[in-house]
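With mmCIF, C-alpha atoms and all ligand atoms inside, this is protein_22.cif:
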```
data_protein
#
loop_
_atom_site.group_PDB
_atom_site.id
_atom_site.type_symbol
_atom_site.label_atom_id
_atom_site.label_comp_id
_atom_site.auth_asym_id
_atom_site.auth_seq_id
_atom_site.Cartn_x
_atom_site.Cartn_y
_atom_site.Cartn_z
ATOM 1 C CA MET A 1 -19.056 -9.398 -8.107
ATOM 2 C CA LEU A 2 -16.382 -8.902 -5.485
ATOM 3 C CA SER A 3 -15.939 -11.407 -2.679
ATOM 4 C CA ASP A 4 -16.268 -10.035 0.845
ATOM 5 C CA LYS A 5 -12.563 -10.574 1.391
ATOM 6 C CA MET A 6 -11.605 -8.763 -1.825
ATOM 7 C CA GLN A 7 -13.997 -5.932 -1.073
ATOM 8 C CA GLU A 8 -12.596 -5.496 2.414
ATOM 9 C CA ALA A 9 -9.027 -5.509 1.122
ATOM 10 C CA LEU A 10 -9.860 -2.960 -1.611
ATOM 11 C CA ASN A 11 -11.549 -0.747 0.967
ATOM 12 C CA GLU A 12 -8.405 -0.934 3.090
ATOM 13 C CA GLN A 13 -6.528 0.297 -0.003
ATOM 14 C CA VAL A 14 -9.001 3.197 -0.282
ATOM 15 C CA ARG A 15 -7.924 4.163 3.232
ATOM 16 C CA ILE A 16 -4.226 3.800 2.385
ATOM 17 C CA GLU A 17 -4.535 5.998 -0.730
ATOM 18 C CA ALA A 18 -6.500 8.596 1.255
ATOM 19 C CA GLU A 19 -3.834 8.567 3.955
ATOM 20 C CA SER A 20 -1.138 8.853 1.289
ATOM 21 C CA SER A 21 -2.858 11.988 0.037
ATOM 22 C CA GLN A 22 -2.829 13.377 3.586
ATOM 23 C CA VAL A 23 0.840 12.412 4.110
ATOM 24 C CA TYR A 24 1.901 14.380 1.012
ATOM 25 C CA LEU A 25 -0.462 17.231 1.789
ATOM 26 C CA ALA A 26 1.290 17.605 5.155
ATOM 27 C CA MET A 27 4.681 17.586 3.383
ATOM 28 C CA ALA A 28 3.384 20.260 0.990
ATOM 29 C CA SER A 29 2.149 22.494 3.774
ATOM 30 C CA TRP A 30 5.438 22.152 5.664
ATOM 31 C CA ALA A 31 7.459 22.815 2.477
ATOM 32 C CA GLU A 32 5.339 25.876 1.716
ATOM 33 C CA ILE A 33 6.562 27.657 4.855
ATOM 34 C CA GLN A 34 10.240 26.916 4.083
ATOM 35 C CA PRO A 35 11.905 29.733 2.142
ATOM 36 C CA GLY A 36 12.612 29.431 -1.592
ATOM 37 C CA ILE A 37 11.398 25.932 -2.432
ATOM 38 C CA ASP A 38 8.269 26.694 -4.400
ATOM 39 C CA ASN A 39 8.728 23.908 -6.943
ATOM 40 C CA ILE A 40 9.273 21.271 -4.254
ATOM 41 C CA THR A 41 6.150 22.564 -2.552
ATOM 42 C CA ALA A 42 4.174 22.312 -5.811
ATOM 43 C CA PHE A 43 5.515 18.789 -6.307
ATOM 44 C CA PHE A 44 4.132 17.648 -2.942
ATOM 45 C CA TYR A 45 0.753 19.320 -3.548
ATOM 46 C CA ARG A 46 0.507 17.633 -6.952
ATOM 47 C CA HIS A 47 1.467 14.320 -5.492
ATOM 48 C CA SER A 48 -1.210 14.664 -2.834
ATOM 49 C CA ASP A 49 -3.793 15.335 -5.578
ATOM 50 C CA GLU A 50 -2.656 12.241 -7.457
ATOM 51 C CA GLU A 51 -3.118 10.049 -4.402
ATOM 52 C CA ARG A 52 -6.673 11.316 -4.162
ATOM 53 C CA GLN A 53 -7.169 10.248 -7.791
ATOM 54 C CA HIS A 54 -5.818 6.795 -6.915
ATOM 55 C CA MET A 55 -8.345 6.626 -4.093
ATOM 56 C CA LEU A 56 -11.229 7.707 -6.348
ATOM 57 C CA LYS A 57 -10.316 5.141 -8.983
ATOM 58 C CA LEU A 58 -10.612 2.430 -6.314
ATOM 59 C CA ILE A 59 -13.904 3.813 -5.015
ATOM 60 C CA HIS A 60 -15.443 3.720 -8.508
ATOM 61 C CA PHE A 61 -14.129 0.221 -9.158
ATOM 62 C CA ILE A 62 -15.529 -1.199 -5.899
ATOM 63 C CA ASN A 63 -18.947 0.378 -6.483
ATOM 64 C CA GLU A 64 -19.088 -0.630 -10.142
ATOM 65 C CA ARG A 65 -18.368 -4.257 -9.226
ATOM 66 C CA GLY A 66 -21.331 -4.507 -6.884
ATOM 67 C CA GLY A 67 -19.515 -3.584 -3.686
ATOM 68 C CA PHE A 68 -19.714 -0.534 -1.462
ATOM 69 C CA ALA A 69 -16.694 1.753 -1.125
ATOM 70 C CA ILE A 70 -16.287 2.960 2.432
ATOM 71 C CA ILE A 71 -15.018 6.508 2.984
ATOM 72 C CA PRO A 72 -12.504 6.099 5.797
ATOM 73 C CA ASP A 73 -11.595 7.953 8.935
ATOM 74 C CA LEU A 74 -8.015 9.216 8.630
ATOM 75 C CA LYS A 75 -5.182 9.567 11.087
ATOM 76 C CA GLN A 76 -3.132 12.747 11.235
ATOM 77 C CA PRO A 77 0.106 12.436 9.261
ATOM 78 C CA VAL A 78 3.597 13.593 10.323
ATOM 79 C CA LEU A 79 3.501 17.386 10.124
ATOM 80 C CA THR A 80 7.143 18.530 10.209
ATOM 81 C CA PHE A 81 10.491 17.210 8.990
ATOM 82 C CA PRO A 82 14.113 17.822 10.029
ATOM 83 C CA SER A 83 15.045 18.503 6.375
ATOM 84 C CA ILE A 84 13.828 18.171 2.784
ATOM 85 C CA LYS A 85 15.916 15.029 2.467
ATOM 86 C CA HIS A 86 14.076 13.517 5.430
ATOM 87 C CA ALA A 87 10.758 14.356 3.791
ATOM 88 C CA PHE A 88 11.767 12.579 0.559
ATOM 89 C CA LYS A 89 13.100 9.592 2.478
ATOM 90 C CA SER A 90 9.827 9.216 4.286
ATOM 91 C CA LEU A 91 8.025 9.583 0.944
ATOM 92 C CA LEU A 92 10.039 6.620 -0.387
ATOM 93 C CA GLU A 93 9.360 4.546 2.735
ATOM 94 C CA HIS A 94 5.682 5.320 2.401
ATOM 95 C CA GLU A 95 5.638 4.261 -1.266
ATOM 96 C CA GLU A 96 7.407 0.999 -0.366
ATOM 97 C CA PHE A 97 4.690 0.338 2.185
ATOM 98 C CA VAL A 98 1.986 1.083 -0.435
ATOM 99 C CA SER A 99 3.662 -1.263 -2.932
ATOM 100 C CA LYS A 100 3.513 -4.112 -0.400
ATOM 101 C CA SER A 101 -0.140 -3.438 0.122
ATOM 102 C CA ILE A 102 -0.842 -3.491 -3.644
ATOM 103 C CA ASN A 103 1.096 -6.746 -3.979
ATOM 104 C CA ASN A 104 -1.030 -8.217 -1.224
ATOM 105 C CA LEU A 105 -4.182 -7.250 -3.165
ATOM 106 C CA VAL A 106 -2.784 -8.928 -6.276
ATOM 107 C CA ASP A 107 -2.172 -12.091 -4.228
ATOM 108 C CA ILE A 108 -5.779 -12.117 -3.037
ATOM 109 C CA ALA A 109 -7.114 -11.524 -6.569
ATOM 110 C CA LEU A 110 -5.044 -14.407 -7.961
ATOM 111 C CA ASP A 111 -5.969 -16.648 -5.093
ATOM 112 C CA GLU A 112 -9.662 -16.014 -5.765
ATOM 113 C CA LYS A 113 -9.243 -16.207 -9.553
ATOM 114 C CA ASP A 114 -10.744 -12.711 -9.661
ATOM 115 C CA TYR A 115 -9.156 -11.753 -12.989
ATOM 116 C CA ALA A 116 -11.111 -8.510 -13.385
ATOM 117 C CA THR A 117 -9.679 -7.170 -10.132
ATOM 118 C CA HIS A 118 -6.280 -8.572 -11.032
ATOM 119 C CA ASN A 119 -6.414 -6.679 -14.318
ATOM 120 C CA PHE A 120 -7.554 -3.477 -12.580
ATOM 121 C CA LEU A 121 -4.678 -3.725 -10.114
ATOM 122 C CA GLN A 122 -2.019 -3.852 -12.820
ATOM 123 C CA TRP A 123 -2.308 -0.076 -13.215
ATOM 124 C CA TYR A 124 -1.381 0.293 -9.520
ATOM 125 C CA VAL A 125 1.498 -2.172 -9.870
ATOM 126 C CA SER A 126 3.051 -0.056 -12.663
ATOM 127 C CA GLU A 127 2.313 3.137 -10.797
ATOM 128 C CA GLN A 128 4.184 1.898 -7.726
ATOM 129 C CA ILE A 129 7.230 0.941 -9.813
ATOM 130 C CA GLU A 130 7.313 4.486 -11.238
ATOM 131 C CA GLU A 131 6.747 6.215 -7.916
ATOM 132 C CA GLU A 132 9.427 4.254 -6.097
ATOM 133 C CA ALA A 133 11.915 4.815 -8.928
ATOM 134 C CA LEU A 134 11.241 8.537 -8.988
ATOM 135 C CA ALA A 135 11.570 8.847 -5.198
ATOM 136 C CA ARG A 136 14.931 7.036 -5.340
ATOM 137 C CA THR A 137 16.151 9.302 -8.156
ATOM 138 C CA LEU A 138 15.210 12.400 -6.187
ATOM 139 C CA ILE A 139 16.923 11.136 -3.022
ATOM 140 C CA ASP A 140 20.074 10.327 -5.055
ATOM 141 C CA LYS A 141 20.062 13.881 -6.408
ATOM 142 C CA LEU A 142 19.671 15.293 -2.916
ATOM 143 C CA GLU A 143 22.577 13.137 -1.717
ATOM 144 C CA LEU A 144 24.718 14.493 -4.572
ATOM 145 C CA ILE A 145 23.925 18.169 -4.367
ATOM 146 C CA GLY A 146 23.331 18.304 -0.622
ATOM 147 C CA ASP A 147 20.366 19.854 1.090
ATOM 148 C CA GLU A 148 22.093 23.009 2.279
ATOM 149 C CA ARG A 149 20.804 26.292 0.853
ATOM 150 C CA SER A 150 22.602 26.379 -2.526
ATOM 151 C CA GLY A 151 21.993 22.672 -3.129
ATOM 152 C CA LEU A 152 18.336 23.089 -2.337
ATOM 153 C CA TYR A 153 18.069 25.965 -4.796
ATOM 154 C CA LEU A 154 19.403 23.698 -7.552
ATOM 155 C CA PHE A 155 17.193 20.821 -6.486
ATOM 156 C CA ASP A 156 14.160 23.086 -6.489
ATOM 157 C CA GLN A 157 14.962 24.065 -10.099
ATOM 158 C CA ASP A 158 15.679 20.493 -11.070
ATOM 159 C CA ILE A 159 12.447 19.067 -9.724
ATOM 160 C CA LEU A 160 10.660 21.045 -12.453
ATOM 161 C CA ASN A 161 12.227 18.666 -14.966
ATOM 162 C CA VAL A 162 10.963 15.452 -13.451
ATOM 163 C CA SER A 163 7.646 14.230 -14.649
ATOM 164 C CA VAL A 164 4.895 14.528 -12.109
ATOM 165 C CA MET A 165 5.061 11.474 -9.891
ATOM 166 C CA GLY A 166 3.207 8.631 -11.466
ATOM 167 C CA GLY A 167 1.466 10.831 -13.992
ATOM 168 C CA GLY A 168 -1.903 10.539 -12.238
ATOM 169 C CA GLU A 169 -4.729 9.107 -14.236
HETATM 170 FE FE1 LIG A 201 -1.037 5.790 -4.708
HETATM 171 O O1 LIG A 201 0.635 5.866 -5.365
HETATM 172 FE FE2 LIG A 201 1.765 6.692 -4.114
HETATM 173 O O2 LIG A 201 1.155 5.943 -2.646
#
```
Could you rewrite the structure in this file as structure tokens?
Amino acid sequence: MLSDKMQEALNEQVRIEAESSQVYLAMASWAEIQPGIDNITAFFYRHSDEERQHMLKLIHFINERGGFAIIPDLKQPVLTFPSIKHAFKSLLEHEEFVSKSINNLVDIALDEKDYATHNFLQWYVSEQIEEEALARTLIDKLELIGDERSGLYLFDQDILNVSVMGGGE
């Protein structure tokens, strides 16, 4: 059984994962109307889908442990970006924010000696390490090849080679 505090904190994470999905969905929609970056666009759409899976995993966990997962109201994300590089930088910043939030959940679980939740959260801890690392790699590549037209063409090809962020479920 989850404590009220743990349940509330997990529900806040449901909101954060749902907002993450919206943030990347907005990036995908913006990328889709830029010329010639179909693979980058697909990457953002996929990433948005994965965030929804992260949210669902939390919802099931809360409900299975005797709590009630609350489906949250969501704020509108940033809709446009000055460049692809800016979009990836804000993706990294967002993931860093999510990592802090997951770490905070781990702290609460340990504090309450809630080892089942602690164990459940380890999947998210690993996921955040992977997502941050991948975002940094992509930004490094963009810094190297530039985000002018020819650089973007190469980056759009290259992003096909990176594993889908986090690998989902
Ligand atoms: Fe849910 O992993 Fe990114 O935010």
*Using all atoms listed in the file, which protein or nucleic acid residues are at most 12 Å from ligand LIG 201 (chain A), as a ChimeraX atom specification?*
/A:13-24,44,46-58,90-102,121,123-135,164-169
*Exercise: Asn11 of chain A partners within 9 Å, all atoms listed in the file, chain neighbours under 4 positions left out, as a list in words*: Met6, Gln7, Arg15, Ile16, Leu58, Ile59, Ile62, Phe68, Ala69, Ile70, Ile71 and Pro72 of chain A
C-alpha atoms of the current selection, written as a PDB file, in the frame of the given file:
```
ATOM      1  CA  MET A   6     -11.605  -8.763  -1.825  1.00  0.00           C
ATOM      2  CA  GLN A   7     -13.997  -5.932  -1.073  1.00  0.00           C
ATOM      3  CA  ARG A  15      -7.924   4.163   3.232  1.00  0.00           C
ATOM      4  CA  ILE A  16      -4.226   3.800   2.385  1.00  0.00           C
ATOM      5  CA  LEU A  58     -10.612   2.430  -6.314  1.00  0.00           C
ATOM      6  CA  ILE A  59     -13.904   3.813  -5.015  1.00  0.00           C
ATOM      7  CA  ILE A  62     -15.529  -1.199  -5.899  1.00  0.00           C
ATOM      8  CA  PHE A  68     -19.714  -0.534  -1.462  1.00  0.00           C
ATOM      9  CA  ALA A  69     -16.694   1.753  -1.125  1.00  0.00           C
ATOM     10  CA  ILE A  70     -16.287   2.960   2.432  1.00  0.00           C
ATOM     11  CA  ILE A  71     -15.018   6.508   2.984  1.00  0.00           C
ATOM     12  CA  PRO A  72     -12.504   6.099   5.797  1.00  0.00           C
TER      13      PRO A  72
END
```
*Near Gly146 of chain A, counting only C-alpha atoms, which residues have an atom at most 12 Å away, once you skip same-chain residues fewer than 4 positions from it, shown as a list in words?*
Ser83, Ile84, Lys85, Leu138, Ile139, Asp140, Lys141, Leu142, Ser150, Gly151, Leu152, Tyr153, Leu154, Phe155 and Asp156 of chain A
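Residue nearest Glu64 of chain A within the list A:Leu144, A:Pro82, A:Glu112, A:Met1: A:Met1 [criterion: smallest interatomic distance, all atoms listed in the file].
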_Evaluated on this file, the PyMOL selection byres (((chain A and resi 118) around 9) and not hetatm) picks out some residues - which ones are they, written as a VMD selection string?_
chain A and resid 105 to 110 113 to 117 119 to 122
*Which polymer residues, protein or nucleic acid, are no farther than 12 Å from (4.7, 27.6, -3.0), counting only C-alpha atoms, as a ChimeraX atom specification?*
/A:27-46,156
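The shortest atom-to-atom distance to Thr137 of chain A, with all atoms listed in the file taken into account, belongs to A:Ile159 out of A:Arg65, A:Ala26, A:Ile159, A:Leu74.
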*Length of the atom CA of Gln157 of chain A to atom CA of Glu143 of chain A vector [Å]*: 15.7 Å
*Gap from atom CA of Lys89 of chain A to atom CA of Arg136 of chain A - Å, one decimal*: 8.4 Å
Let me have the centre and edge lengths in Å, one decimal, of the box along x, y and z around every listed atom of segment 140-155 of chain A with 4 Å of margin on each side, as AutoDock Vina command-line options.
```
--center_x 21.0 --center_y 18.4 --center_z -2.6 --size_x 15.5 --size_y 24.1 --size_z 17.8
```
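What separates atom CA of Ala9 of chain A from atom CA of Asn63 of chain A is a distance of 13.8 Å.
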